[in-house]
Each structure stands twice: as C-alpha cells, then as structure tokens.
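Novice: Sharing a structure here in structure tokens format.
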Amino acid sequence: MTARKSSRQSLWAIFGVPLAIAVLSTVGLIAALTGDGWRDGLSWAGLAVPVLAAAWAAKARRT
Amino acid sequence: MISPTIRIWYLVHKWSSLICTVFLLMLCITGLPLIFHDEIYRLSGDAPQYGMPGVGSSGTAPGLLPLDAMMAKALSARPGEVPLFMAFDNDHPSMTITTAPRADAPGSEMTIQMLDRSTGRTLGQEDEDGVMHFLLQLHTDMFLGLPGMLFLGAMGVLFTAALVSGVVLYAPFMRKLPFGTLRTSRSTRLKWLDTHNLLGIVALAWMAVVGLTGVINTLEKPINALWQRRELAGMTREYAGKGALPPSRYGSLDKAMAEARKVLPGNNPQFIGFPGGSFSSAHHYAVFFQGDTPLTERLLTPALIDAETGSFTASRSMPWYNMSLSLSRPLHFGDYGGLPLKILWAVLDVFTIVILITGLYLWLGKRRVSSAAHVREVETGGVLVLAE
C-alpha cells in the first residue's frame, strides 16, 4: 500500500502543466481583445501553447 | 475499491457528453468554415469595389454622403417600406440599411441593402441563399428560431458539465502517468483514451470559453428584450403615453447623428435602431456608439434622439448583461486577432471534434460494460482492460 502510494502523484503534479496551459491560453484569449499590434502577437503565442503541447506529447511521449 | 465520488463524476461525464455530442459535432463542423467567413467572402469574388476604399462609413470623413441621401436611395428601392436599421463599417465605406413592410416585421420579411456611402451606389442585397448563410443558420438555431437557439444553449451547458466532469476524472486517471502520456501501441482503446484525455486537457480553457460564450450568444434575444423592457423603457418614460411616430414624420438622420455625436464625442456609431424596432422606442432614433478604445469598442452606448424633432432625449451605457453579450461575440467567433488567431481557432476546433469522436468511440466500444468497470478503467489510468 505504501509502495503504491509513493508512485502516485499529488494533485499539483497532475494539474501543474494543465493549469499552466490553461492560464497561457486565457492570456491569449484576452490579449487581442484589448488592442492590436503586440497584443495580437501575445494572443497567437498564448493560444499556440495548447496546440504545441499536444504536438510535443505526440512526438515525445508517444509509446 | 471503487470511489463512489468518482462513480458519480463518471456518470455525469457520460450522460452530459452523450446528450450533447451530436449537436456539438454539428456546431464544431459548421463552425469551422464560419471562422473564415470574411476570407471566404473576399476570395469568392463577391467583395465590392468602393469609391473611397479604406474610409469607414461610420466616420465623418469629407466625401461621405449624407445619411438622409443614403436612406432615400434605399427606400426608393423598397417603396412603401419603413426603415429598421442602418449599420456602419469602421474599415470600408459600405453600410447596410434594413427595411421591412412594418416596424415589427419578422426577420423573414426584412430586406438588407448594402450601399457604398462614398458613391451612393447599391452594392447588392445580403445573400440569404448562400452556403455560408445556410451554415450560419444551422449553427445558430438549426432553422428553428428562438427555441432552436435556446436548445443549442442548453447543449452548451451540458458541454460545460462534460468539461468539468472530464477534468475531475483526469485526476484519478493520471495519478500514475506523466503529463502527455500517449500509449498508441498497446491497444486501440488505450490510444483513443489517451488522445481524448490529452486533447481534452490542453484545449480545456479554449473549449470552456468558446462553449460558455456560445451559451451567452444563444441568450441574445432574451437579453435584448430585457434591455428594451428595463433600460429603454426607463430612458423614454416621458414618451410612454404617446402613440407610435408615423414614418412620414421622421426627421433628418444627419441632424440626429450630429446631435448624438455631441453627446458622445470622439466615438463612432455602429448602427441606428429606428422607431418601433427591437432596439428603439416608438419615437426615437437609437444611435448605438462604440467605445473609443479597442477594449471598449465592442461595448455599445446608445444615444436616443427624438426622431421627429432631432433633439437629444437620453444616453445610458448598457447594463452588464448586454456587455457580457457584446464581449461574448468576439470570444466565440475568434475574429479579433487577425488570420493567425483564426487558424489557431480552427486547430482547436479540430481538437474538439477529435475529443467528441474519441469520446463517442470510447462509449460505443464498451457500452455494455458496467459503470463499475468503467470507473476501474479511469482509476487505473486505462491499464485495466475492460471485459465484456
């Protein structure tokens, strides 16, 4: 039981990366609403994060 | 041991998804071309040539024709009809004028004419038969009007419940797995399960925002009706007892616009609601102004001008429910950050389609298996193979 428990991750470990992706996506969703120019660029960067994360997993984590 | 909490969340996820999946698939598929609505319109060769390209019809640039002249032109094409809306563009001299046999006519009886304010020429009527229009109607209300809109709104609420329950189930599933796990070689089911989880968790924020703003968009008609009943009625209380102003007594639009601009200087109008329509009283030109910064551009403020005398009656910023509707539009359409944002919107839309299809596959493949077995599958990160 203890051995099994130690291999389990805390909620932080499970949701750390997803939370970061969600925050960056949200920044991306809002940035372009507040103006043009660099704010558009920030939007593209923010919303590219979920797409790149999926692409990274397909390349690096595929087994 | 099976956690009863996980079992409840599993059932919430299963049923909320199952009910909304077919409709969400339709929304995602019809939404995909709608993201590129403007680009398709431009490439299809229908885009008009303007007299003064790049000059917005919403401005006051020299060379733009008077609003009264534009209205006379539009009404001469539709004799006997009354004006309902006049809408402007910030980037082109084009504008639209909506007319109908009566002020309270339904949408099907309305005619929308597109005109060039720099030449006074008619650019055509809004195409109601095209493929894009068909897709938009299907996406908005499935040709069922308000009930269809509200139904799709309810599907959006279920979609949100599916997202929340999906996140809850993500925790026990991933307890022993690193982020991004994608086991593609063990079994087809495991491959789709990991794909479903991975795409679901990365696209979560986007799906939640587009889903919830979609729900708010379905409430457009009730929100506008509420505004008319509460805010507009309050602003025009002194006119309450008077009968509707007949169109023959409508005064100058240019005079009304000049008066409205005095109240909200520096701002440009988005549209004018005419007397008797759903955006005005029976006596007013309601000139809806955009904010003067990019952030407030979409938050409209109406200035009510007595349509007969051209004098100012009232101006009041929109209440919170209209503001959330105004902000929900760009956040749902993805049309506020250039072509790269639209492309990202399309990719995330495709992610959503994959999530819906893999979800359906995961249910169809093992739908005779007990929910206890499904919960074990979630708790073991998909390691435990489901038996029939």
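Chain identifiers are assigned as A, B, and so on, following the order in which chains appear in the structure tokens; residues are numbered from 1 within each chain, and ligands are numbered from 1 in order of appearance.
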Compute the set of chain B residues within 10 Å of chain A, using only C-alpha atoms, and express it as a ChimeraX atom specification.
Specialist: /B:167,170-186,191,194-195,198-206,209-210,293-298,327,330-331,334-345,347-348,351
Novice: Check stretch 226-365 of chain B with DSSP on the backbone and list each residue it calls strand (DSSP E or B), as a list in words.
Specialist: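 Answer for stretch 226-365 of chain B, restricted to strand (DSSP E or B): Pro269, Gln270, Phe271, Ile272, Gly273, His284, Tyr285, Ala286, Val287, Phe288, Phe289, Thr301, Pro302, Ala303, Leu304, Ile305, Asp306, Phe312, Thr313, Ala314 and Ser315 of chain B.
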Novice: Using only C-alpha atoms, which residues sit within 8 Å of B:Thr358 once same-chain residues fewer than 4 positions away are excluded, as a ChimeraX atom specification?
Specialist: /B:192-193,195-196,354,362
Novice: Atom CA of B:Leu123 and atom CA of B:Gly273 are how many Å apart?
Specialist: 21.5 Å
Novice: Which residue out of B:Leu136, B:Ser370, B:Thr313, B:Asn322 has the minimum interatomic distance to B:Gln228 when only C-alpha atoms are used?
Specialist: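 Among the listed residues, the smallest separation from B:Gln228 belongs to B:Asn322.
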Novice: Might you pull out every residue within 10 Å of B:Phe151, with only C-alpha atoms counted and same-chain residues fewer than 4 positions away left off, and present them as a list in words?
Specialist: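 Within the cut-off, the hits are Phe23, Asp141, Met142, Leu144, Leu146, Pro147, Met155, Gly156, Val157, Val215 and Thr218 of chain B.
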Novice: Skip B:Phe88 itself and residues of its chain fewer than 6 positions away, then list as a PDB file with N, CA and C atoms, in the first residue's frame all residues within 8 Å of it, counting only C-alpha atoms.
Specialist:
```pdb
ATOM      1  N   GLY B  56     -14.023  54.480 -43.461  1.00  0.00           N
ATOM      2  CA  GLY B  56     -15.150  53.863 -42.771  1.00  0.00           C
ATOM      3  C   GLY B  56     -16.426  54.678 -42.918  1.00  0.00           C
ATOM      4  N   SER B  57     -17.537  53.972 -43.160  1.00  0.00           N
ATOM      5  CA  SER B  57     -18.819  54.679 -43.277  1.00  0.00           C
ATOM      6  C   SER B  57     -19.295  55.202 -41.927  1.00  0.00           C
ATOM      7  N   SER B  58     -18.673  54.734 -40.843  1.00  0.00           N
ATOM      8  CA  SER B  58     -19.088  55.175 -39.511  1.00  0.00           C
ATOM      9  C   SER B  58     -18.492  56.538 -39.152  1.00  0.00           C
ATOM     10  N   SER B  94     -18.775  50.949 -46.894  1.00  0.00           N
ATOM     11  CA  SER B  94     -20.041  50.237 -47.052  1.00  0.00           C
ATOM     12  C   SER B  94     -20.908  50.383 -45.807  1.00  0.00           C
ATOM     13  N   MET B  95     -22.198  50.339 -46.023  1.00  0.00           N
ATOM     14  CA  MET B  95     -23.146  50.377 -44.909  1.00  0.00           C
ATOM     15  C   MET B  95     -24.358  49.553 -45.313  1.00  0.00           C
ATOM     16  N   THR B  96     -25.144  49.141 -44.330  1.00  0.00           N
ATOM     17  CA  THR B  96     -26.357  48.396 -44.666  1.00  0.00           C
ATOM     18  C   THR B  96     -27.574  49.150 -44.153  1.00  0.00           C
ATOM     19  N   PRO B 269     -20.523  55.635 -34.559  1.00  0.00           N
ATOM     20  CA  PRO B 269     -21.720  54.804 -34.407  1.00  0.00           C
ATOM     21  C   PRO B 269     -21.520  53.423 -35.033  1.00  0.00           C
ATOM     22  N   GLN B 270     -22.132  52.414 -34.432  1.00  0.00           N
ATOM     23  CA  GLN B 270     -22.141  51.099 -35.063  1.00  0.00           C
ATOM     24  C   GLN B 270     -23.435  50.911 -35.853  1.00  0.00           C
ATOM     25  N   PHE B 271     -24.547  51.331 -35.251  1.00  0.00           N
ATOM     26  CA  PHE B 271     -25.811  51.251 -36.004  1.00  0.00           C
ATOM     27  C   PHE B 271     -26.848  52.189 -35.393  1.00  0.00           C
TER      28      PHE B 271
END
```
Novice: Go through B:Glu377, B:Asp292, B:Asp116, B:Asp38 one by one, measure the shortest atom-to-atom distance of each to B:Ala74 using only C-alpha atoms, and give the residue with the smallest value.
Specialist: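 Counting only C-alpha atoms, the residue closest to B:Ala74 is B:Asp116.
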Novice: Residues of chain A in helix (DSSP H, G or I) according to DSSP, as a count of residues only?
Specialist: 52
